[in-house]
$ cat run-v1.cif   # mmCIF, C-alpha atoms
data_upload
loop_
_atom_site.group_PDB
_atom_site.id
_atom_site.type_symbol
_atom_site.label_atom_id
_atom_site.label_comp_id
_atom_site.auth_asym_id
_atom_site.auth_seq_id
_atom_site.Cartn_x
_atom_site.Cartn_y
_atom_site.Cartn_z
ATOM 1 C CA THR A 1 -11.155 329.359 113.776
ATOM 2 C CA THR A 2 -12.749 326.060 114.308
ATOM 3 C CA LEU A 3 -10.554 323.039 114.857
ATOM 4 C CA GLN A 4 -11.370 320.083 112.682
ATOM 5 C CA ALA A 5 -10.819 316.590 114.005
ATOM 6 C CA PRO A 6 -8.345 314.650 111.979
ATOM 7 C CA ALA A 7 -9.966 312.172 109.711
ATOM 8 C CA PRO A 8 -9.446 308.592 110.799
ATOM 9 C CA SER A 9 -6.792 306.954 108.808
ATOM 10 C CA THR A 10 -8.161 304.181 106.708
ATOM 11 C CA VAL A 11 -5.881 301.186 106.283
ATOM 12 C CA PRO A 12 -6.632 299.000 103.300
ATOM 13 C CA ALA A 13 -7.912 295.541 104.151
ATOM 14 C CA SER A 14 -5.314 294.088 101.914
ATOM 15 C CA ALA A 15 -2.592 295.648 104.089
ATOM 16 C CA MET A 16 -4.040 294.219 107.323
ATOM 17 C CA ALA A 17 -4.616 290.613 106.170
ATOM 18 C CA PRO A 18 -1.823 288.623 104.584
ATOM 19 C CA PRO A 19 -2.367 287.950 100.926
ATOM 20 C CA ALA A 20 -3.909 284.678 99.895
ATOM 21 C CA SER A 21 -0.699 283.626 98.208
ATOM 22 C CA GLU A 22 1.175 283.920 101.488
ATOM 23 C CA ALA A 23 -1.562 281.949 103.324
ATOM 24 C CA THR A 24 -1.179 278.995 101.004
ATOM 25 C CA ALA A 25 2.578 279.273 100.667
ATOM 26 C CA VAL A 26 3.371 277.123 103.722
ATOM 27 C CA PRO A 27 1.279 274.059 102.723
ATOM 28 C CA LEU A 28 2.524 274.294 99.157
ATOM 29 C CA GLU A 29 6.103 274.528 100.327
ATOM 30 C CA ARG A 30 5.644 271.481 102.595
ATOM 31 C CA GLU A 31 4.042 269.460 99.801
ATOM 32 C CA GLY A 32 6.819 270.525 97.482
ATOM 33 C CA ARG A 33 9.440 269.206 99.898
ATOM 34 C CA LEU A 34 7.531 265.919 100.188
ATOM 35 C CA LEU A 35 7.353 265.622 96.417
ATOM 36 C CA LYS A 36 11.076 266.258 96.060
ATOM 37 C CA ALA A 37 11.850 263.615 98.700
ATOM 38 C CA ALA A 38 9.487 261.155 97.021
ATOM 39 C CA ALA A 39 11.013 261.853 93.629
ATOM 40 C CA ALA A 40 14.493 261.174 95.020
ATOM 41 C CA GLU A 41 13.229 257.945 96.561
ATOM 42 C CA LEU A 42 11.539 256.871 93.346
ATOM 43 C CA ARG A 43 14.776 257.337 91.448
ATOM 44 C CA GLU A 44 16.399 254.870 93.882
ATOM 45 C CA LEU A 45 13.417 252.480 93.987
ATOM 46 C CA SER A 46 14.829 248.973 93.567
ATOM 47 C CA PRO A 47 13.998 245.665 95.263
ATOM 48 C CA TRP A 48 16.968 246.020 97.598
ATOM 49 C CA SER A 49 16.157 249.622 98.555
ATOM 50 C CA MET A 50 12.513 248.670 99.090
ATOM 51 C CA PHE A 51 13.593 245.820 101.345
ATOM 52 C CA LYS A 52 15.874 248.091 103.393
ATOM 53 C CA SER A 53 13.163 250.707 103.915
ATOM 54 C CA ALA A 54 10.380 248.210 104.691
ATOM 55 C CA ASP A 55 8.864 247.627 108.110
ATOM 56 C CA VAL A 56 10.503 245.074 110.439
ATOM 57 C CA LEU A 57 7.600 242.630 110.125
ATOM 58 C CA VAL A 58 7.548 242.944 106.340
ATOM 59 C CA LYS A 59 11.301 242.324 106.296
ATOM 60 C CA ALA A 60 10.804 239.177 108.362
ATOM 61 C CA VAL A 61 8.156 237.962 105.911
ATOM 62 C CA MET A 62 10.456 238.626 102.948
ATOM 63 C CA ILE A 63 13.382 236.818 104.572
ATOM 64 C CA GLY A 64 11.161 233.834 105.375
ATOM 65 C CA LEU A 65 9.875 233.651 101.810
ATOM 66 C CA ALA A 66 13.398 233.916 100.400
ATOM 67 C CA PHE A 67 14.477 231.057 102.680
ATOM 68 C CA ALA A 68 11.471 228.993 101.550
ATOM 69 C CA SER A 69 12.481 229.550 97.932
ATOM 70 C CA LEU A 70 16.030 228.426 98.744
ATOM 71 C CA VAL A 71 14.675 225.274 100.408
ATOM 72 C CA THR A 72 12.518 224.563 97.341
ATOM 73 C CA TRP A 73 15.453 224.669 94.929
ATOM 74 C CA THR A 74 17.643 222.659 97.310
ATOM 75 C CA ILE A 75 15.007 219.903 97.452
ATOM 76 C CA PHE A 76 14.663 220.049 93.664
ATOM 77 C CA ILE A 77 18.382 219.476 93.071
ATOM 78 C CA ALA A 78 18.687 216.765 95.742
ATOM 79 C CA LYS A 79 15.579 214.839 94.633
ATOM 80 C CA MET A 80 16.482 215.044 90.958
ATOM 81 C CA ILE A 81 19.863 213.468 91.651
ATOM 82 C CA GLU A 82 18.366 210.863 93.990
ATOM 83 C CA LEU A 83 15.531 209.803 91.667
ATOM 84 C CA THR A 84 17.804 209.656 88.639
ATOM 85 C CA VAL A 85 20.310 207.428 90.447
ATOM 86 C CA VAL A 86 17.792 205.016 92.015
ATOM 87 C CA GLN A 87 15.785 204.620 88.804
ATOM 88 C CA ARG A 88 18.897 203.887 86.765
ATOM 89 C CA ARG A 89 20.175 201.442 89.412
ATOM 90 C CA LEU A 90 16.859 199.589 89.688
ATOM 91 C CA ARG A 91 16.436 199.283 85.914
ATOM 92 C CA ALA A 92 19.960 197.872 85.624
ATOM 93 C CA ALA A 93 19.276 195.410 88.464
ATOM 94 C CA LEU A 94 16.064 194.180 86.830
ATOM 95 C CA THR A 95 17.964 193.667 83.568
ATOM 96 C CA ARG A 96 20.705 191.663 85.330
ATOM 97 C CA ILE A 97 18.291 189.228 87.006
ATOM 98 C CA GLY A 98 16.134 188.793 83.899
ATOM 99 C CA ASP A 99 17.718 185.403 83.103
ATOM 100 C CA ALA A 100 18.157 184.209 86.687
ATOM 101 C CA ARG A 101 16.533 180.859 87.477
ATOM 102 C CA SER A 102 16.648 181.058 91.274
ATOM 103 C CA LEU A 103 17.047 183.460 94.142
ATOM 104 C CA ALA A 104 20.674 182.436 94.601
ATOM 105 C CA GLU A 105 21.468 183.160 90.952
ATOM 106 C CA ALA A 106 19.730 186.529 91.174
ATOM 107 C CA GLN A 107 21.672 187.532 94.267
ATOM 108 C CA PHE A 108 24.915 186.427 92.633
ATOM 109 C CA ALA A 109 24.078 188.496 89.539
ATOM 110 C CA LEU A 110 23.361 191.606 91.614
ATOM 111 C CA GLY A 111 26.461 191.301 93.766
ATOM 112 C CA ALA A 112 26.849 193.530 96.799
ATOM 113 C CA LYS A 113 25.205 196.609 95.244
ATOM 114 C CA GLY A 114 22.550 197.922 97.572
ATOM 115 C CA SER A 115 19.135 198.486 96.025
ATOM 116 C CA VAL A 116 15.528 197.786 96.856
ATOM 117 C CA LEU A 117 15.703 194.663 94.680
ATOM 118 C CA SER A 118 18.535 193.301 96.838
ATOM 119 C CA SER A 119 16.359 193.840 99.920
ATOM 120 C CA LEU A 120 13.459 192.015 98.269
ATOM 121 C CA LEU A 121 15.628 189.034 97.295
ATOM 122 C CA ALA A 122 17.145 188.867 100.768
ATOM 123 C CA ALA A 123 13.659 188.912 102.338
ATOM 124 C CA ALA A 124 12.522 186.105 100.022
ATOM 125 C CA MET A 125 15.527 183.926 100.863
ATOM 126 C CA ARG A 126 15.118 184.601 104.587
ATOM 127 C CA GLU A 127 11.467 183.584 104.492
ATOM 128 C CA ALA A 128 12.304 180.441 102.500
ATOM 129 C CA ARG A 129 14.984 179.533 105.065
ATOM 130 C CA LEU A 130 12.709 180.196 108.056
ATOM 131 C CA SER A 131 9.925 178.153 106.446
ATOM 132 C CA ALA A 132 12.099 175.129 105.748
ATOM 133 C CA GLY A 133 10.218 171.919 106.473
ATOM 134 C CA ILE A 134 6.795 173.511 105.920
ATOM 135 C CA SER A 135 4.928 171.916 103.055
ATOM 136 C CA SER A 136 2.440 174.756 102.515
ATOM 137 C CA ASP A 137 3.682 176.825 99.589
ATOM 138 C CA ALA A 138 0.723 179.175 99.851
ATOM 139 C CA GLY A 139 1.680 180.122 103.411
ATOM 140 C CA ILE A 140 5.295 180.748 102.447
ATOM 141 C CA LYS A 141 4.271 182.938 99.518
ATOM 142 C CA GLU A 142 1.817 184.835 101.697
ATOM 143 C CA ARG A 143 4.448 185.570 104.335
ATOM 144 C CA ALA A 144 6.940 186.596 101.656
ATOM 145 C CA ALA A 145 4.353 188.910 100.083
ATOM 146 C CA SER A 146 3.834 190.510 103.506
ATOM 147 C CA ARG A 147 7.579 191.162 103.771
ATOM 148 C CA PHE A 148 7.614 192.548 100.223
ATOM 149 C CA GLY A 149 4.791 194.923 101.090
ATOM 150 C CA GLU A 150 6.682 196.292 104.082
ATOM 151 C CA ILE A 151 9.792 196.885 101.971
ATOM 152 C CA VAL A 152 7.802 198.602 99.203
ATOM 153 C CA ARG A 153 5.994 200.877 101.673
ATOM 154 C CA ALA A 154 9.263 201.804 103.375
ATOM 155 C CA GLU A 155 10.808 202.635 100.010
ATOM 156 C CA ALA A 156 7.784 204.768 99.088
ATOM 157 C CA ARG A 157 8.118 206.714 102.343
ATOM 158 C CA ARG A 158 11.829 207.206 101.779
ATOM 159 C CA ILE A 159 11.500 208.394 98.198
ATOM 160 C CA ARG A 160 8.761 210.889 99.121
ATOM 161 C CA LEU A 161 10.858 212.655 101.758
ATOM 162 C CA GLY A 162 10.811 216.407 101.125
ATOM 163 C CA MET A 163 7.696 216.410 98.970
ATOM 164 C CA GLY A 164 5.482 217.329 101.919
ATOM 165 C CA LEU A 165 7.619 220.398 102.510
ATOM 166 C CA LEU A 166 7.231 221.378 98.851
ATOM 167 C CA ALA A 167 3.459 221.082 99.159
ATOM 168 C CA THR A 168 3.467 223.224 102.305
ATOM 169 C CA ILE A 169 5.574 225.946 100.686
ATOM 170 C CA GLY A 170 3.434 225.977 97.560
ATOM 171 C CA ALA A 171 0.194 226.224 99.543
ATOM 172 C CA THR A 172 1.159 228.777 102.199
ATOM 173 C CA SER A 173 3.694 231.124 100.576
ATOM 174 C CA PRO A 174 1.110 233.297 98.733
ATOM 175 C CA PHE A 175 -0.831 233.848 101.950
ATOM 176 C CA VAL A 176 2.320 234.675 103.918
ATOM 177 C CA GLY A 177 3.258 237.217 101.253
ATOM 178 C CA LEU A 178 -0.266 238.619 101.325
ATOM 179 C CA PHE A 179 0.006 239.073 105.080
ATOM 180 C CA GLY A 180 3.189 241.113 104.582
ATOM 181 C CA THR A 181 1.444 243.190 101.902
ATOM 182 C CA VAL A 182 -1.553 243.939 104.122
ATOM 183 C CA TRP A 183 0.741 244.970 106.965
ATOM 184 C CA GLY A 184 2.829 247.199 104.683
ATOM 185 C CA ILE A 185 -0.205 248.892 103.129
ATOM 186 C CA MET A 186 -1.601 249.533 106.593
ATOM 187 C CA ASN A 187 1.636 251.272 107.533
ATOM 188 C CA SER A 188 1.486 253.241 104.267
ATOM 189 C CA PHE A 189 -1.982 254.552 105.114
ATOM 190 C CA ILE A 190 -0.725 255.564 108.542
ATOM 191 C CA GLY A 191 2.076 257.478 106.820
ATOM 192 C CA ILE A 192 -0.468 259.162 104.518
ATOM 193 C CA SER A 193 -2.428 260.407 107.504
ATOM 194 C CA LYS A 194 0.732 261.789 109.110
ATOM 195 C CA SER A 195 2.008 263.543 105.970
ATOM 196 C CA GLN A 196 -1.483 264.941 105.222
ATOM 197 C CA THR A 197 -1.117 264.431 101.512
ATOM 198 C CA THR A 198 -2.570 261.938 99.085
ATOM 199 C CA ASN A 199 -0.120 262.574 96.273
ATOM 200 C CA LEU A 200 0.757 259.277 94.600
ATOM 201 C CA ALA A 201 4.440 260.158 94.406
ATOM 202 C CA VAL A 202 4.516 260.323 98.200
ATOM 203 C CA VAL A 203 2.584 257.145 99.019
ATOM 204 C CA ALA A 204 3.845 254.964 96.140
ATOM 205 C CA PRO A 205 7.141 253.807 97.762
ATOM 206 C CA GLY A 206 5.398 252.377 100.832
ATOM 207 C CA ILE A 207 2.824 250.554 98.728
ATOM 208 C CA ALA A 208 5.565 249.217 96.457
ATOM 209 C CA GLU A 209 7.429 247.855 99.489
ATOM 210 C CA ALA A 210 4.258 246.093 100.618
ATOM 211 C CA LEU A 211 3.598 244.574 97.196
ATOM 212 C CA LEU A 212 7.151 243.223 97.105
ATOM 213 C CA ALA A 213 6.129 240.754 99.833
ATOM 214 C CA THR A 214 3.351 239.350 97.624
ATOM 215 C CA ALA A 215 5.790 239.080 94.701
ATOM 216 C CA LEU A 216 8.221 237.091 96.846
ATOM 217 C CA GLY A 217 5.379 234.855 97.994
ATOM 218 C CA LEU A 218 4.559 234.009 94.382
ATOM 219 C CA VAL A 219 8.245 233.513 93.569
ATOM 220 C CA ALA A 220 8.413 230.928 96.357
ATOM 221 C CA ALA A 221 5.051 229.253 95.667
ATOM 222 C CA ILE A 222 4.965 228.821 91.879
ATOM 223 C CA PRO A 223 8.216 226.794 91.551
ATOM 224 C CA ALA A 224 7.282 224.720 94.612
ATOM 225 C CA VAL A 225 3.959 223.672 93.050
ATOM 226 C CA ILE A 226 5.551 222.891 89.666
ATOM 227 C CA ILE A 227 8.392 220.895 91.241
ATOM 228 C CA TYR A 228 5.963 218.990 93.486
ATOM 229 C CA ASN A 229 3.817 217.938 90.507
ATOM 230 C CA HIS A 230 6.911 216.882 88.557
ATOM 231 C CA PHE A 231 8.224 214.763 91.424
ATOM 232 C CA ALA A 232 4.784 213.227 91.951
ATOM 233 C CA ARG A 233 4.909 211.896 88.370
ATOM 234 C CA VAL A 234 8.528 210.728 88.618
ATOM 235 C CA THR A 235 7.936 209.069 91.989
ATOM 236 C CA LYS A 236 4.928 207.216 90.623
ATOM 237 C CA GLY A 237 7.064 205.817 87.802
ATOM 238 C CA TYR A 238 9.759 204.738 90.243
ATOM 239 C CA LEU A 239 7.254 202.987 92.503
ATOM 240 C CA GLU A 240 5.987 201.076 89.470
ATOM 241 C CA LEU A 241 9.555 199.844 88.988
ATOM 242 C CA VAL A 242 9.629 198.822 92.656
ATOM 243 C CA GLY A 243 6.403 196.874 92.089
ATOM 244 C CA ARG A 244 8.042 195.091 89.142
ATOM 245 C CA ALA A 245 11.002 194.229 91.361
ATOM 246 C CA SER A 246 8.653 192.820 94.012
ATOM 247 C CA GLY A 247 6.958 190.678 91.376
ATOM 248 C CA ALA A 248 10.313 189.418 90.090
ATOM 249 C CA ALA A 249 11.382 188.391 93.598
ATOM 250 C CA GLY A 250 8.055 186.615 94.129
ATOM 251 C CA ARG A 251 8.422 184.678 90.878
ATOM 252 C CA LEU A 252 11.945 183.569 91.787
ATOM 253 C CA LEU A 253 10.714 182.382 95.185
ATOM 254 C CA SER A 254 7.904 180.438 93.540
ATOM 255 C CA ARG A 255 10.367 178.740 91.181
ATOM 256 C CA ASP A 256 12.595 177.747 94.073
ATOM 257 C CA LEU A 257 9.641 176.266 95.957
ATOM 258 C CA ASP A 258 8.453 174.310 92.919
ATOM 259 C CA ARG A 259 11.976 173.085 92.254
ATOM 260 C CA THR A 260 12.284 171.934 95.854
ATOM 261 C CA HIS A 261 9.059 169.937 95.563
ATOM 262 C CA VAL A 262 10.153 168.374 92.276
ATOM 263 C CA SER A 263 13.483 167.323 93.741
ATOM 264 C CA SER A 264 11.818 165.886 96.848
ATOM 265 C CA VAL A 265 9.305 163.950 94.745
ATOM 266 C CA GLY A 266 12.093 162.642 92.505
ATOM 267 C CA GLY A 267 14.099 161.533 95.533
ATOM 268 C CA SER A 268 11.128 159.643 97.008
ATOM 269 C CA HIS A 269 10.493 157.881 93.670
ATOM 270 C CA SER A 270 14.129 156.828 93.409
ATOM 271 C CA ARG A 271 14.087 155.453 96.946
ATOM 272 C CA SER A 272 10.905 153.472 96.274
ATOM 273 C CA ALA A 273 12.383 152.086 93.055
ATOM 274 C CA ALA A 274 15.515 150.990 94.909
ATOM 275 C CA GLU A 275 13.434 149.207 97.486
#
$ encode --input "run-v1.cif" --output "structure tokens"
Amino acid sequence: TTLQAPAPSTVPASAMAPPASEATAVPLEREGRLLKAAAAELRELSPWSMFKSADVLVKAVMIGLAFASLVTWTIFIAKMIELTVVQRRLRAALTRIGDARSLAEAQFALGAKGSVLSSLLAAAMREARLSAGISSDAGIKERAASRFGEIVRAEARRIRLGMGLLATIGATSPFVGLFGTVWGIMNSFIGISKSQTTNLAVVAPGIAEALLATALGLVAAIPAVIIYNHFARVTKGYLELVGRASGAAGRLLSRDLDRTHVSSVGGSHSRSAAE
């Protein structure tokens, strides 16, 4: 009998190599977990949750922009009250001295209420007192006009306090927010490379956090620009009232000077007649 060698056992290729479904099961399972986590995060996606999960630098940008917005509205409330009060007070003061014939009468009509018109009248009377014995009316009026100009410029500087800060906030807030957005999107792309997936549900929360910085920048900038333009118009109207007050003080000073000359001329005529 002849011995026959056993036939080599043939193992199917499918039994040696893992099936294709098993080869792709691990990446699919990982992506599925990422999608579930992203879906849970999207369900909780709110401005507060986006702020809490943002990068430290982006959080600092958001806090700074929120503080700038708070400063804007604080200036708005304070300046509205201030401009309303000073305009009403100055209009009332101009009405009270409308029938005054001299600086003394005007000061008596105003009383002790402090306003820019009181400062102008006091400057006119001080210059008239310091220039006593000087016959040049033109020089007295010129010196008084110089004092009036200083008072008007000081009042303009005082009434414009805070408006420079509004202009700065309105001009820089969008760019500060854009910086936070660029930084957040950069971090989002780094996270995409680490997670090895480009699914929008995974990368959307990080991009949304970054865009929140730009939104806060616009929230801070738009009201600041509008409020600045409004106060620029109101301040211009108030400074026109201050100019009217300066003119009223100058006219009263001129009347007092003319009256002084008339009385001095009348006194000299009476003395010559007596002689």
$ resolve_selection --input "run-v1.cif" --expression "the PyMOL selection byres ((chain A and resi 123-131) around 7)" --output "PyMOL selection string"
chain A and resi 103+119-122+132-134+140+144+147+249+253
$ resolve_selection --input "run-v1.cif" --expression "the PyMOL selection byres ((chain A and resi 231-239) around 9)" --output "PDB file with C-alpha atoms, keeping the file's coordinate frame"
ATOM      1  CA  PHE A  76      14.663 220.049  93.664  1.00  0.00           C
ATOM      2  CA  LYS A  79      15.579 214.839  94.633  1.00  0.00           C
ATOM      3  CA  MET A  80      16.482 215.044  90.958  1.00  0.00           C
ATOM      4  CA  LEU A  83      15.531 209.803  91.667  1.00  0.00           C
ATOM      5  CA  VAL A  86      17.792 205.016  92.015  1.00  0.00           C
ATOM      6  CA  GLN A  87      15.785 204.620  88.804  1.00  0.00           C
ATOM      7  CA  LEU A  90      16.859 199.589  89.688  1.00  0.00           C
ATOM      8  CA  VAL A 152       7.802 198.602  99.203  1.00  0.00           C
ATOM      9  CA  GLU A 155      10.808 202.635 100.010  1.00  0.00           C
ATOM     10  CA  ALA A 156       7.784 204.768  99.088  1.00  0.00           C
ATOM     11  CA  ILE A 159      11.500 208.394  98.198  1.00  0.00           C
ATOM     12  CA  ARG A 160       8.761 210.889  99.121  1.00  0.00           C
ATOM     13  CA  MET A 163       7.696 216.410  98.970  1.00  0.00           C
ATOM     14  CA  ILE A 226       5.551 222.891  89.666  1.00  0.00           C
ATOM     15  CA  ILE A 227       8.392 220.895  91.241  1.00  0.00           C
ATOM     16  CA  TYR A 228       5.963 218.990  93.486  1.00  0.00           C
ATOM     17  CA  ASN A 229       3.817 217.938  90.507  1.00  0.00           C
ATOM     18  CA  HIS A 230       6.911 216.882  88.557  1.00  0.00           C
ATOM     19  CA  GLU A 240       5.987 201.076  89.470  1.00  0.00           C
ATOM     20  CA  LEU A 241       9.555 199.844  88.988  1.00  0.00           C
ATOM     21  CA  VAL A 242       9.629 198.822  92.656  1.00  0.00           C
ATOM     22  CA  GLY A 243       6.403 196.874  92.089  1.00  0.00           C
ATOM     23  CA  ARG A 244       8.042 195.091  89.142  1.00  0.00           C
TER      24      ARG A 244
END
$ atom_distance --input "run-v1.cif" --atom1 "atom CA of A:Val85" --atom2 "atom CA of A:Ser115"
10.6 Å
$ resolve_selection --input "run-v1.cif" --expression "the PyMOL selection byres ((chain A and resi 181-192) around 12)" --output "number ranges by chain"
A: 34, 50-51, 53-62, 174-180, 193-217
$ atom_distance --input "run-v1.cif" --atom1 "atom CA of A:Val225" --atom2 "atom CA of A:Ser173"
10.6 Å
$ closest_residue --input "run-v1.cif" --among "A:Leu94, A:Ala171, A:Leu110, A:Ala104" --to "A:Ala68" --atoms "all atoms listed in the file"
A:Ala171
$ atom_distance --input "run-v1.cif" --atom1 "atom CA of A:Thr84" --atom2 "atom CA of A:Phe67"
25.8 Å
$ residues_around --input "run-v1.cif" --residues "A:Arg101" --least-positions-apart "6" --cutoff "10 Å" --atoms "all atoms listed in the file" --output "PyMOL selection string"
chain A and resi 251-253+255-256
$ closest_residue --input "run-v1.cif" --among "A:Arg259, A:Ala221, A:Ala245, A:Gly114" --to "A:Trp73" --atoms "all atoms listed in the file"
A:Ala221
$ closest_residue --input "run-v1.cif" --among "A:Arg89, A:Trp48, A:Glu105, A:Pro223" --to "A:Thr72" --atoms "all atoms listed in the file"
A:Pro223
